[in-house]
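Heads up, start.cif below (mmCIF, C-alpha atoms and all ligand atoms):
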```cif
data_upload
#
loop_
_atom_site.label_atom_id
_atom_site.label_comp_id
_atom_site.auth_asym_id
_atom_site.auth_seq_id
_atom_site.Cartn_x
_atom_site.Cartn_y
_atom_site.Cartn_z
CA MET A 206 0.49 -0.11 -21.27
CA ASP A 207 1.53 -0.39 -24.89
CA TYR A 208 3.84 2.11 -26.60
CA ARG A 209 6.50 2.38 -29.29
CA VAL A 210 9.15 5.07 -29.11
CA LYS A 211 12.84 5.30 -30.08
CA ASP A 212 14.37 4.76 -26.63
CA THR A 213 12.79 5.14 -23.19
CA LYS A 214 16.22 5.95 -21.74
CA LEU A 215 15.96 9.39 -23.39
CA ALA A 216 13.22 10.38 -20.92
CA GLY A 217 15.47 12.53 -18.68
CA GLY A 218 16.24 15.02 -21.45
CA GLY A 219 12.61 15.06 -22.52
CA ARG A 220 11.48 15.83 -19.00
CA LEU A 221 13.69 18.94 -18.89
CA ARG A 222 12.38 20.09 -22.24
CA ILE A 223 8.79 19.66 -21.06
CA GLU A 224 9.58 21.57 -17.87
CA TRP A 225 10.91 24.43 -20.01
CA ALA A 226 7.76 24.43 -22.14
CA GLU A 227 5.52 24.38 -19.07
CA ARG A 228 7.23 27.53 -17.79
CA HIS A 229 6.36 29.24 -21.09
CA MET A 230 2.76 28.05 -21.39
CA PRO A 231 1.01 29.78 -18.50
CA VAL A 232 -2.48 29.73 -20.02
CA LEU A 233 -2.41 25.99 -20.63
CA MET A 234 -1.09 25.51 -17.10
CA ARG A 235 -4.06 27.52 -15.84
CA VAL A 236 -6.38 25.24 -17.82
CA ARG A 237 -4.55 22.27 -16.30
CA GLU A 238 -5.21 23.57 -12.81
CA GLU A 239 -8.90 23.86 -13.64
CA PHE A 240 -8.96 20.40 -15.23
CA SER A 241 -7.17 18.85 -12.23
CA LYS A 242 -9.89 20.12 -9.92
CA GLY A 243 -13.01 19.52 -12.02
CA LYS A 244 -11.88 16.41 -14.00
CA PRO A 245 -14.11 17.39 -16.94
CA LEU A 246 -12.60 14.69 -19.16
CA SER A 247 -12.94 11.85 -16.72
CA GLY A 248 -12.63 8.54 -18.57
CA VAL A 249 -12.63 10.12 -22.05
CA ARG A 250 -10.42 8.31 -24.57
CA ILE A 251 -8.52 10.78 -26.70
CA GLY A 252 -6.52 9.85 -29.80
CA ALA A 253 -4.06 12.55 -30.78
CA CYS A 254 -2.11 12.77 -34.03
CA LEU A 255 0.11 15.80 -33.39
CA HIS A 256 3.75 16.75 -33.74
CA VAL A 257 5.28 15.04 -30.72
CA THR A 258 7.05 18.04 -29.22
CA LYS A 259 7.54 19.44 -25.75
CA GLU A 260 4.50 21.69 -26.29
CA THR A 261 2.33 18.74 -27.29
CA ALA A 262 3.55 17.01 -24.13
CA VAL A 263 2.20 19.92 -22.07
CA LEU A 264 -1.17 19.54 -23.80
CA VAL A 265 -1.25 15.78 -23.32
CA ARG A 266 -0.38 16.09 -19.63
CA THR A 267 -3.17 18.67 -19.28
CA LEU A 268 -5.73 16.36 -20.88
CA LYS A 269 -4.57 13.58 -18.57
CA ALA A 270 -4.91 15.91 -15.58
CA GLY A 271 -8.52 16.42 -16.69
CA GLY A 272 -9.12 12.68 -16.41
CA ALA A 273 -8.61 11.62 -20.05
CA GLU A 274 -6.75 8.59 -21.37
CA VAL A 275 -4.52 9.78 -24.20
CA TYR A 276 -3.07 7.78 -27.11
CA LEU A 277 -0.55 9.75 -29.14
CA CYS A 278 0.99 9.31 -32.58
CA ALA A 279 2.96 11.70 -34.78
CA SER A 280 1.46 13.94 -37.44
CA ASN A 281 4.70 13.96 -39.42
CA PRO A 282 7.33 11.21 -39.79
CA LEU A 283 10.23 13.59 -39.05
CA SER A 284 8.92 15.93 -36.34
CA THR A 285 8.98 13.70 -33.26
CA GLN A 286 11.28 14.75 -30.41
CA ASP A 287 12.32 11.28 -29.23
CA ASP A 288 13.27 12.40 -25.73
CA VAL A 289 9.85 14.00 -25.25
CA ALA A 290 8.12 10.84 -26.50
CA ALA A 291 10.14 8.82 -23.96
CA ALA A 292 9.23 11.18 -21.11
CA LEU A 293 5.54 10.87 -21.98
CA VAL A 294 5.78 7.09 -21.83
CA GLU A 295 7.25 7.49 -18.34
CA ASP A 296 4.14 9.54 -17.52
CA GLY A 297 1.95 6.62 -18.52
CA ILE A 298 0.91 7.92 -21.95
CA SER A 299 0.69 5.41 -24.80
CA VAL A 300 2.92 7.01 -27.42
CA PHE A 301 3.47 5.46 -30.85
CA ALA A 302 5.98 7.84 -32.45
CA TRP A 303 9.65 8.15 -33.28
CA ARG A 304 11.66 10.44 -35.54
CA GLY A 305 12.31 8.90 -38.94
CA GLU A 306 9.18 6.80 -39.34
CA SER A 307 8.66 5.22 -42.75
CA SER A 308 5.31 5.75 -44.43
CA ASP A 309 4.25 2.26 -43.23
CA ASP A 310 5.37 3.06 -39.66
CA TYR A 311 3.46 6.32 -39.80
CA TYR A 312 0.18 4.71 -40.78
CA TRP A 313 0.79 1.78 -38.44
CA SER A 314 1.02 4.27 -35.55
CA ILE A 315 -2.19 5.99 -36.63
CA SER A 316 -3.99 2.65 -36.83
CA ARG A 317 -2.59 1.67 -33.46
CA VAL A 318 -4.15 4.79 -31.91
CA LEU A 319 -7.46 4.10 -33.68
CA GLU A 320 -7.50 0.56 -32.24
CA GLU A 321 -8.03 2.21 -28.85
CA LYS A 322 -11.38 3.50 -30.16
CA PRO A 323 -10.79 7.17 -29.34
CA GLN A 324 -13.89 9.19 -28.54
CA VAL A 325 -12.22 12.46 -29.39
CA MET A 326 -9.59 12.79 -32.11
CA LEU A 327 -7.09 15.65 -32.07
CA ASP A 328 -5.55 16.01 -35.49
CA ASP A 329 -2.89 18.07 -37.25
CA GLY A 330 -3.33 17.55 -40.98
CA ALA A 331 -6.43 15.32 -40.72
CA ASP A 332 -4.63 11.99 -41.23
CA LEU A 333 -6.11 10.48 -38.06
CA ILE A 334 -9.69 11.51 -38.81
CA ALA A 335 -9.40 10.63 -42.52
CA THR A 336 -7.94 7.19 -41.72
CA ALA A 337 -10.70 6.56 -39.16
CA HIS A 338 -13.23 7.28 -41.92
CA VAL A 339 -11.48 5.16 -44.54
CA LYS A 340 -11.11 2.20 -42.15
CA ASP A 341 -14.57 2.68 -40.71
CA MET A 342 -13.28 2.99 -37.14
CA LEU A 343 -15.69 5.64 -35.88
CA ASP A 344 -18.07 3.60 -33.76
CA GLU A 345 -17.22 5.32 -30.49
CA ALA A 346 -16.17 8.69 -31.92
CA ILE A 347 -17.87 11.75 -30.47
CA GLY A 348 -15.92 14.39 -32.37
CA GLY A 349 -12.63 15.69 -33.63
CA GLN A 350 -10.49 18.81 -33.65
CA GLU A 351 -8.09 20.10 -36.28
CA GLU A 352 -4.96 22.11 -35.62
CA THR A 353 -3.83 23.26 -39.04
CA THR A 354 -5.03 24.99 -42.22
CA THR A 355 -4.33 22.01 -44.48
CA GLY A 356 -6.35 19.74 -42.19
CA VAL A 357 -9.30 22.13 -42.09
CA ILE A 358 -9.29 22.32 -45.91
CA ARG A 359 -9.36 18.50 -46.07
CA LEU A 360 -12.14 18.21 -43.50
CA LYS A 361 -14.25 20.83 -45.27
CA ALA A 362 -13.81 18.81 -48.47
CA MET A 363 -15.05 15.73 -46.55
CA GLU A 364 -18.01 17.73 -45.30
CA LYS A 365 -18.81 18.99 -48.80
CA SER A 366 -18.70 15.53 -50.34
CA GLY A 367 -20.97 14.21 -47.56
CA ASP A 368 -18.26 11.90 -46.20
CA LEU A 369 -17.70 13.52 -42.81
CA ARG A 370 -19.37 11.43 -40.12
CA ILE A 371 -18.42 13.29 -36.94
CA PRO A 372 -18.48 16.91 -35.76
CA VAL A 373 -15.06 18.53 -36.00
CA VAL A 374 -13.93 21.78 -34.42
CA ALA A 375 -11.59 23.83 -36.62
CA VAL A 376 -9.23 24.97 -33.89
CA ASN A 377 -6.97 26.40 -36.59
CA ASP A 378 -9.57 28.95 -37.60
CA ALA A 379 -9.96 30.56 -34.18
CA SER A 380 -8.67 34.12 -34.10
CA SER A 381 -6.55 33.42 -31.04
CA LYS A 382 -4.85 30.64 -33.03
CA ARG A 383 -4.50 31.86 -36.59
CA LEU A 384 -3.46 35.43 -35.88
CA PHE A 385 -0.66 34.34 -33.57
CA ASP A 386 0.43 30.71 -34.11
CA ASN A 387 0.23 30.82 -37.90
CA TYR A 388 1.64 34.33 -38.19
CA TYR A 389 4.25 34.80 -35.47
CA GLY A 390 4.86 31.13 -34.78
CA THR A 391 5.35 29.97 -38.35
CA GLY A 392 7.19 33.19 -39.22
CA GLU A 393 9.80 32.86 -36.53
CA SER A 394 10.18 29.08 -36.43
CA SER A 395 10.42 28.60 -40.20
CA LEU A 396 13.22 31.11 -40.56
CA HIS A 397 14.85 29.63 -37.52
CA GLY A 398 14.63 26.18 -39.14
CA VAL A 399 16.27 27.47 -42.33
CA LEU A 400 19.04 29.20 -40.37
CA ARG A 401 19.63 26.26 -38.08
CA CYS A 402 20.30 23.79 -40.87
CA THR A 403 22.11 26.11 -43.29
CA ASN A 404 23.73 28.76 -41.08
CA ILE A 405 23.43 31.26 -43.96
CA LEU A 406 23.33 35.04 -43.55
CA LEU A 407 19.82 36.23 -44.36
CA PRO A 408 20.45 39.99 -44.67
CA GLY A 409 20.71 40.84 -48.36
CA LYS A 410 19.32 37.49 -49.51
CA LYS A 411 16.36 37.33 -51.85
CA VAL A 412 13.80 35.30 -49.93
CA VAL A 413 10.86 34.13 -52.01
CA VAL A 414 7.73 33.30 -50.01
CA LEU A 415 5.14 31.27 -51.91
CA GLY A 416 1.69 31.70 -50.41
CA TYR A 417 0.59 34.77 -48.47
CA GLY A 418 -1.90 33.36 -45.99
CA HIS A 419 -1.25 33.93 -42.30
CA CYS A 420 1.82 31.66 -42.39
CA GLY A 421 3.34 33.22 -45.51
CA GLN A 422 2.68 36.70 -44.13
CA GLY A 423 4.55 35.81 -40.95
CA ILE A 424 7.49 34.34 -42.84
CA ALA A 425 7.80 37.31 -45.18
CA LYS A 426 7.57 39.79 -42.32
CA MET A 427 10.26 38.01 -40.31
CA ALA A 428 12.54 37.64 -43.33
CA ARG A 429 12.31 41.34 -44.07
CA ALA A 430 12.86 42.18 -40.41
CA VAL A 431 16.32 40.62 -40.56
CA GLY A 432 17.21 42.46 -43.74
CA ALA A 433 16.26 40.02 -46.48
CA HIS A 434 14.82 41.27 -49.74
CA THR A 435 11.36 39.68 -49.85
CA ILE A 436 9.41 38.50 -52.87
CA VAL A 437 5.91 37.06 -52.56
CA CYS A 438 4.15 34.78 -55.06
CA GLU A 439 0.38 34.30 -54.84
CA VAL A 440 -2.57 33.04 -56.87
CA ASP A 441 -5.19 35.00 -54.89
CA PRO A 442 -5.50 38.64 -56.03
CA ILE A 443 -6.54 39.91 -52.58
CA LYS A 444 -3.60 38.27 -50.84
CA ALA A 445 -1.26 39.42 -53.60
CA LEU A 446 -2.47 42.99 -53.16
CA LYS A 447 -1.99 42.73 -49.41
CA ALA A 448 1.58 41.54 -49.99
CA TYR A 449 2.18 44.47 -52.30
CA TYR A 450 0.89 47.01 -49.78
CA ASP A 451 2.82 45.29 -47.03
CA GLY A 452 5.87 46.32 -49.02
CA HIS A 453 6.97 43.04 -50.57
CA GLU A 454 7.76 42.60 -54.22
CA VAL A 455 5.07 40.51 -55.91
CA MET A 456 5.64 38.49 -59.05
CA PRO A 457 4.82 35.13 -60.66
CA SER A 458 6.78 32.20 -59.26
CA LEU A 459 8.50 31.43 -62.56
CA ARG A 460 10.02 34.90 -62.57
CA ALA A 461 10.91 34.71 -58.88
CA ALA A 462 12.60 31.37 -59.60
CA GLU A 463 15.23 33.19 -61.65
CA ILE A 464 16.33 35.53 -58.88
CA GLY A 465 15.62 33.92 -55.49
CA ASP A 466 18.26 32.69 -53.05
CA VAL A 467 15.90 31.03 -50.57
CA PHE A 468 12.42 29.73 -51.43
CA ILE A 469 9.88 28.97 -48.71
CA THR A 470 6.53 27.46 -49.62
CA ALA A 471 3.50 28.00 -47.36
CA THR A 472 0.46 27.33 -49.52
CA GLY A 473 -1.09 24.05 -48.36
CA CYS A 474 -1.20 23.08 -52.05
CA LYS A 475 0.88 20.71 -54.17
CA ASP A 476 3.40 21.35 -56.98
CA VAL A 477 4.20 24.91 -56.00
CA LEU A 478 7.84 24.55 -57.06
CA THR A 479 8.29 22.17 -59.95
CA ARG A 480 10.71 21.24 -62.72
CA GLU A 481 9.93 24.48 -64.60
CA HIS A 482 11.04 26.49 -61.56
CA PHE A 483 14.11 24.38 -60.84
CA MET A 484 15.27 24.77 -64.46
CA ARG A 485 15.34 28.56 -63.96
CA MET A 486 16.93 28.69 -60.52
CA ARG A 487 20.42 29.91 -59.77
CA SER A 488 22.97 27.44 -58.52
CA GLY A 489 22.99 27.44 -54.72
CA ALA A 490 19.28 28.20 -54.31
CA MET A 491 17.71 26.72 -51.19
CA LEU A 492 14.28 25.14 -51.07
CA ALA A 493 12.25 24.90 -47.89
CA ASN A 494 8.64 24.12 -47.09
CA ALA A 495 6.56 25.45 -44.23
CA GLY A 496 3.27 23.87 -45.33
CA HIS A 497 1.92 20.74 -43.68
CA PHE A 498 2.67 18.11 -46.34
CA ASN A 499 5.82 17.45 -48.35
CA VAL A 500 4.11 18.05 -51.68
CA GLU A 501 4.75 21.76 -52.15
CA VAL A 502 8.28 21.34 -53.50
CA SER A 503 8.01 18.60 -56.12
CA ILE A 504 10.68 16.14 -55.05
CA PRO A 505 9.92 13.70 -57.92
CA ASP A 506 10.58 16.58 -60.36
CA LEU A 507 13.76 17.52 -58.56
CA LYS A 508 14.99 13.93 -58.64
CA SER A 509 14.10 13.54 -62.30
CA ILE A 510 16.45 16.34 -63.36
CA SER A 511 19.33 15.54 -60.99
CA ARG A 512 22.39 13.47 -61.73
CA ARG A 513 23.47 13.19 -58.12
CA VAL A 514 21.92 13.64 -54.68
CA ARG A 515 23.93 13.72 -51.50
CA LYS A 516 23.43 14.75 -47.91
CA ILE A 517 25.75 17.70 -47.44
CA ARG A 518 24.71 18.74 -43.93
CA GLU A 519 22.19 17.57 -41.37
CA ASN A 520 18.76 18.13 -42.98
CA VAL A 521 20.27 19.51 -46.20
CA GLU A 522 20.37 17.51 -49.43
CA GLU A 523 22.32 18.73 -52.42
CA TYR A 524 20.67 18.04 -55.78
CA GLU A 525 23.18 18.36 -58.59
CA LEU A 526 21.33 18.99 -61.83
CA GLU A 527 22.40 17.59 -65.21
CA ASP A 528 23.92 20.98 -66.12
CA GLY A 529 26.00 21.14 -62.92
CA ARG A 530 23.84 23.62 -60.98
CA LYS A 531 23.21 22.71 -57.38
CA LEU A 532 19.94 23.15 -55.49
CA TYR A 533 19.62 22.52 -51.78
CA LEU A 534 16.52 20.87 -50.38
CA LEU A 535 15.97 21.38 -46.66
CA ALA A 536 14.23 18.91 -44.35
CA GLU A 537 13.37 16.57 -47.26
CA GLY A 538 10.69 19.08 -48.22
CA ARG A 539 8.85 18.51 -44.93
CA LEU A 540 7.96 21.19 -42.38
CA VAL A 541 11.25 23.05 -42.04
CA ASN A 542 10.41 24.48 -38.61
CA LEU A 543 9.71 21.13 -37.00
CA VAL A 544 12.31 19.04 -38.78
CA CYS A 545 15.23 21.48 -38.47
CA GLY A 546 14.11 23.13 -35.26
CA GLU A 547 11.71 22.60 -32.39
CA GLY A 548 8.62 24.01 -34.11
CA HIS A 549 6.78 27.08 -32.89
CA PRO A 550 7.88 28.58 -29.60
CA SER A 551 6.03 27.41 -26.50
CA GLU A 552 4.61 30.89 -25.84
CA VAL A 553 2.56 30.81 -29.00
CA MET A 554 1.61 27.13 -28.74
CA ASP A 555 0.20 28.16 -25.36
CA LEU A 556 -2.69 29.77 -27.24
CA SER A 557 -3.29 26.96 -29.75
CA PHE A 558 -3.11 24.16 -27.23
CA SER A 559 -5.23 25.95 -24.63
CA LEU A 560 -7.86 26.15 -27.36
CA GLN A 561 -7.42 22.43 -28.06
CA ALA A 562 -7.86 21.55 -24.39
CA LEU A 563 -10.93 23.75 -23.94
CA CYS A 564 -12.48 22.48 -27.17
CA VAL A 565 -12.28 18.88 -25.94
CA LYS A 566 -14.29 20.01 -22.94
CA TYR A 567 -16.73 21.77 -25.29
CA LEU A 568 -17.14 18.63 -27.43
CA MET A 569 -17.85 16.52 -24.35
CA GLU A 570 -20.32 19.04 -22.95
CA ASN A 571 -22.17 19.08 -26.30
CA ARG A 572 -21.93 15.37 -26.96
CA GLY A 573 -24.77 14.13 -29.13
CA GLU A 574 -25.94 17.65 -29.96
CA LEU A 575 -23.60 18.50 -32.80
CA GLU A 576 -24.01 17.57 -36.46
CA SER A 577 -21.38 15.96 -38.66
CA ARG A 578 -19.82 19.14 -39.92
CA VAL A 579 -16.88 21.47 -39.36
CA TYR A 580 -17.55 23.90 -36.50
CA ASN A 581 -15.80 27.11 -35.54
CA VAL A 582 -14.36 27.38 -32.06
CA PRO A 583 -17.08 28.99 -29.92
CA ASP A 584 -16.49 32.71 -29.60
CA GLU A 585 -16.41 32.60 -25.81
CA VAL A 586 -13.61 30.01 -25.86
CA ASP A 587 -11.63 32.01 -28.42
CA ARG A 588 -11.96 35.23 -26.40
CA ARG A 589 -11.27 33.51 -23.10
CA VAL A 590 -7.94 32.19 -24.34
CA ALA A 591 -6.91 35.67 -25.51
CA GLU A 592 -8.06 37.17 -22.20
CA LEU A 593 -6.10 34.63 -20.20
CA LYS A 594 -3.00 35.25 -22.31
CA LEU A 595 -3.25 38.99 -21.70
CA GLU A 596 -3.70 38.35 -18.01
CA THR A 597 -0.62 36.13 -17.81
CA LEU A 598 1.32 38.78 -19.72
CA GLY A 599 0.19 41.41 -17.21
CA VAL A 600 -1.52 43.44 -19.94
CA GLU A 601 -4.71 45.26 -19.02
CA ILE A 602 -7.25 46.56 -21.53
CA ASP A 603 -10.32 48.81 -21.50
CA LYS A 604 -13.97 47.78 -21.20
CA LEU A 605 -16.86 49.31 -23.12
CA THR A 606 -19.12 51.46 -20.97
CA GLU A 607 -22.80 50.57 -20.89
CA GLU A 608 -23.52 53.61 -23.06
CA GLN A 609 -20.95 52.53 -25.64
CA GLN A 610 -22.36 49.02 -25.66
CA LYS A 611 -25.85 50.42 -26.32
CA TYR A 612 -24.49 52.66 -29.07
CA LEU A 613 -22.88 49.73 -30.83
CA GLU A 614 -26.05 47.67 -30.61
CA SER A 615 -28.33 50.40 -31.96
CA TRP A 616 -28.73 51.27 -35.63
CA LYS A 617 -30.83 54.37 -34.98
CA LEU A 618 -28.12 56.81 -33.97
CA GLY A 619 -26.33 58.38 -36.93
CA THR A 620 -24.67 61.74 -37.34
N1 LIG A 701 3.18 22.93 -34.79
C1 LIG A 701 4.06 23.92 -34.98
N2 LIG A 701 4.90 24.04 -33.94
C2 LIG A 701 4.54 23.08 -33.05
C3 LIG A 701 5.03 22.71 -31.78
N3 LIG A 701 6.04 23.34 -31.21
N4 LIG A 701 4.43 21.69 -31.18
C4 LIG A 701 3.38 21.04 -31.76
N5 LIG A 701 2.89 21.36 -32.94
C5 LIG A 701 3.45 22.38 -33.59
#
```
What would you get if you wrote out this structure as structure tokens?
Amino acid sequence: MDYRVKDTKLAGGGRLRIEWAERHMPVLMRVREEFSKGKPLSGVRIGACLHVTKETAVLVRTLKAGGAEVYLCASNPLSTQDDVAAALVEDGISVFAWRGESSDDYYWSISRVLEEKPQVMLDDGADLIATAHVKDMLDEAIGGQEETTTGVIRLKAMEKSGDLRIPVVAVNDASSKRLFDNYYGTGESSLHGVLRCTNILLPGKKVVVLGYGHCGQGIAKMARAVGAHTIVCEVDPIKALKAYYDGHEVMPSLRAAEIGDVFITATGCKDVLTREHFMRMRSGAMLANAGHFNVEVSIPDLKSISRRVRKIRENVEEYELEDGRKLYLLAEGRLVNLVCGEGHPSEVMDLSFSLQALCVKYLMENRGELESRVYNVPDEVDRRVAELKLETLGVEIDKLTEEQQKYLESWKLGT
């Protein structure tokens, strides 16, 4: 078995972390039980490009329990938990991931996974699927799945330009993913990431959230919950209005730049904070990104106006501008929750990764019947994951009566 990780001797610590995650992912463990019995993925080769965390380990072990062979690489050069990667190698998983990969290492690992001719590709950001298309390594591919908003946007662009050559399930867009992982998961873990690397006091701070999709909404809500003064910047009028009615201050980013203490980008777009913003910021302002790629805070712009850069704390770089002001970039502009912390809590990844596992089964069951386009998660899978989560939480809900069901299905009954 081939693999490349930082140090296999770290496996003991990784094993404990995975055990902890397994205790907090009851739905995925239920899926694992089912998979262990039925072996629905028997012999399926899965290539996964995901953040190599304890939660991903629980997913990978579940896929393996279902009979799959899994090849894993990282979806971000800085998010790999090296002890978890080592523990997975001990489990017989081919892992090609370590924290601190260079760009060449990163793409080498992706190519190494593609060499195994995966039939199903699990992606987080679409680098695996995009690279498979660019390198024409799709011969045995049956389908793919995408975990995050940025990846879905990329894959829809591939579909629109006619370049997508496999069916892909947009796991990100399922209700039981987006409403919980993106909102609560990103909200809590991003603030946690900021706090962990800076140890600042958030109450009273002006926290500027750029982007008010599900992730931005979660971040702003959490920031306000701890007593921060929240400002939201948006380009979409509907989202901006929602932010306003949610009680946040809304203003253009150039104005927010003048007053913010902490800036957190969550747009999925590039050049959200640029030279123009930096030139207006107060000394001491902190810059963090919660979007998938490190393009939201323009690091080239920041470098171009700085006379000195130094690492002042773990995951914090101090940029001293020509005029003496100091700006602090967290996590090198990469995902602050995964670089400075452990990513989303296991409880919420339980939903996302149960969807991933069940969607692999769906892709295999529908092999050859799907077109090369981006599919939504089937409704029954989406609902089943939510139902299982409620069940594991011990929460019961009502059922529609037959009469109510009929009423909802009929258009004839009015006042
Ligand atoms: N994305 C966000 N949080 C994550 C986690 N804990 N594991 C894997 N992917 C993630």
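For the residues A:Lys382, A:Leu415, A:Leu406, A:Thr267, ranking by smallest atom-to-atom distance to Val431 in chain A using all atoms listed in the file places A:Leu406 first.
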**OP:** Within 9 Å of Met486 in chain A, counting all atoms listed in the file, which residues show up once you throw out same-chain ones fewer than 5 positions away? Write them as a PyMOL selection string, please.
**Re:** chain A and resi 461-466+530+532
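Closest approach to Ala273 in chain A among A:Gly305, A:Pro442, A:Gly367, A:Pro323 is made by A:Pro323 (distances from all atoms listed in the file).
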Per-residue nearest contacts of chain A to ligand LIG 701 (chain A) (7 Å; all atoms listed in the file) as CSV:
```
residue,atom,partner,partner_atom,distance
A:Leu255,CA,A:LIG701,N5,6.2
A:His256,CA,A:LIG701,C4,4.7
A:Val257,CA,A:LIG701,C4,6.4
A:Thr258,CA,A:LIG701,N4,4.9
A:Lys259,CA,A:LIG701,N4,6.6
A:Glu260,CA,A:LIG701,N4,4.9
A:Thr261,CA,A:LIG701,C4,5.1
A:Leu543,CA,A:LIG701,N2,6.4
A:Glu547,CA,A:LIG701,N3,5.8
A:Gly548,CA,A:LIG701,N2,3.7
A:His549,CA,A:LIG701,N2,3.7
A:Pro550,CA,A:LIG701,N3,5.8
A:Ser551,CA,A:LIG701,N3,6.2
A:Met554,CA,A:LIG701,N3,6.3
```
Original post:
Between CA of Ile358 in chain A and CA of Ile469 in chain A, what is the spacing in Å?
Top reply: 20.5 Å
Original post:
In terms of the shortest atom-to-atom distance over all atoms listed in the file, which of A:Pro231, A:Gly538, A:Gly421, A:Gly390 is closest to Lys594 in chain A?
Top reply: A:Pro231
Residue neighbourhood range 473-485 of chain A, 10 Å, only C-alpha atoms, exclusion window fewer than 2 positions, as a PDB file with C-alpha atoms, in the coordinates of the input:
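Result went into part26.pdb, see below:
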```pdb
ATOM      1  CA  THR A 353      -3.830  23.260 -39.040  1.00  0.00           C
ATOM      2  CA  THR A 354      -5.030  24.990 -42.220  1.00  0.00           C
ATOM      3  CA  THR A 355      -4.330  22.010 -44.480  1.00  0.00           C
ATOM      4  CA  GLY A 356      -6.350  19.740 -42.190  1.00  0.00           C
ATOM      5  CA  ILE A 358      -9.290  22.320 -45.910  1.00  0.00           C
ATOM      6  CA  LEU A 415       5.140  31.270 -51.910  1.00  0.00           C
ATOM      7  CA  GLY A 416       1.690  31.700 -50.410  1.00  0.00           C
ATOM      8  CA  GLY A 418      -1.900  33.360 -45.990  1.00  0.00           C
ATOM      9  CA  CYS A 438       4.150  34.780 -55.060  1.00  0.00           C
ATOM     10  CA  SER A 458       6.780  32.200 -59.260  1.00  0.00           C
ATOM     11  CA  LEU A 459       8.500  31.430 -62.560  1.00  0.00           C
ATOM     12  CA  ARG A 460      10.020  34.900 -62.570  1.00  0.00           C
ATOM     13  CA  ALA A 461      10.910  34.710 -58.880  1.00  0.00           C
ATOM     14  CA  ALA A 462      12.600  31.370 -59.600  1.00  0.00           C
ATOM     15  CA  GLU A 463      15.230  33.190 -61.650  1.00  0.00           C
ATOM     16  CA  ILE A 464      16.330  35.530 -58.880  1.00  0.00           C
ATOM     17  CA  PHE A 468      12.420  29.730 -51.430  1.00  0.00           C
ATOM     18  CA  ILE A 469       9.880  28.970 -48.710  1.00  0.00           C
ATOM     19  CA  THR A 470       6.530  27.460 -49.620  1.00  0.00           C
ATOM     20  CA  ALA A 471       3.500  28.000 -47.360  1.00  0.00           C
ATOM     21  CA  ARG A 487      20.420  29.910 -59.770  1.00  0.00           C
ATOM     22  CA  SER A 488      22.970  27.440 -58.520  1.00  0.00           C
ATOM     23  CA  ALA A 490      19.280  28.200 -54.310  1.00  0.00           C
ATOM     24  CA  LEU A 492      14.280  25.140 -51.070  1.00  0.00           C
ATOM     25  CA  ASN A 494       8.640  24.120 -47.090  1.00  0.00           C
ATOM     26  CA  ALA A 495       6.560  25.450 -44.230  1.00  0.00           C
ATOM     27  CA  GLY A 496       3.270  23.870 -45.330  1.00  0.00           C
ATOM     28  CA  HIS A 497       1.920  20.740 -43.680  1.00  0.00           C
ATOM     29  CA  PHE A 498       2.670  18.110 -46.340  1.00  0.00           C
ATOM     30  CA  ASN A 499       5.820  17.450 -48.350  1.00  0.00           C
ATOM     31  CA  VAL A 500       4.110  18.050 -51.680  1.00  0.00           C
ATOM     32  CA  GLU A 501       4.750  21.760 -52.150  1.00  0.00           C
ATOM     33  CA  VAL A 502       8.280  21.340 -53.500  1.00  0.00           C
ATOM     34  CA  SER A 503       8.010  18.600 -56.120  1.00  0.00           C
ATOM     35  CA  ILE A 504      10.680  16.140 -55.050  1.00  0.00           C
ATOM     36  CA  PRO A 505       9.920  13.700 -57.920  1.00  0.00           C
ATOM     37  CA  ASP A 506      10.580  16.580 -60.360  1.00  0.00           C
ATOM     38  CA  LEU A 507      13.760  17.520 -58.560  1.00  0.00           C
ATOM     39  CA  LYS A 508      14.990  13.930 -58.640  1.00  0.00           C
ATOM     40  CA  SER A 509      14.100  13.540 -62.300  1.00  0.00           C
ATOM     41  CA  ILE A 510      16.450  16.340 -63.360  1.00  0.00           C
ATOM     42  CA  LEU A 526      21.330  18.990 -61.830  1.00  0.00           C
ATOM     43  CA  ASP A 528      23.920  20.980 -66.120  1.00  0.00           C
ATOM     44  CA  ARG A 530      23.840  23.620 -60.980  1.00  0.00           C
ATOM     45  CA  LYS A 531      23.210  22.710 -57.380  1.00  0.00           C
ATOM     46  CA  LEU A 532      19.940  23.150 -55.490  1.00  0.00           C
TER      47      LEU A 532
END
```
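Shell of Val263 in chain A at 8 Å, with only C-alpha atoms counted and residues fewer than 6 places along the chain excluded, is A:Ile223, A:Ala226, A:Glu227, A:Leu233.
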**OP:** For Leu277 in chain A, work out the shell of residues within 9 Å, counting all atoms listed in the file and skipping chain neighbours fewer than 5 positions away, then give it as a count of residues only.
**Re:** 15
**OP:** Skip Glu523 in chain A itself and residues of its chain fewer than 6 positions away, then list as a count of residues only all residues within 8 Å of it, counting all atoms listed in the file.
**Re:** 8
Enclosing box along x, y and z for every listed atom of range 481-496 of chain A, padded 6 Å each side, centre and size in Å, one decimal, as JSON:
```
{"center_x": 13.1, "center_y": 26.9, "center_z": -54.4, "size_x": 31.7, "size_y": 18.0, "size_z": 32.4}
```
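These residues, each with an atom at most 12 Å from (-9.8, 33.4, -21.1) using only C-alpha atoms, are Pro231, Val232, Leu233, Arg235, Val236, Ser381, Leu556, Ser559, Leu560, Leu563, Asp584, Glu585, Val586, Asp587, Arg588, Arg589, Val590, Ala591, Glu592, Leu593, Lys594, Leu595, Glu596 and Thr597 of chain A.
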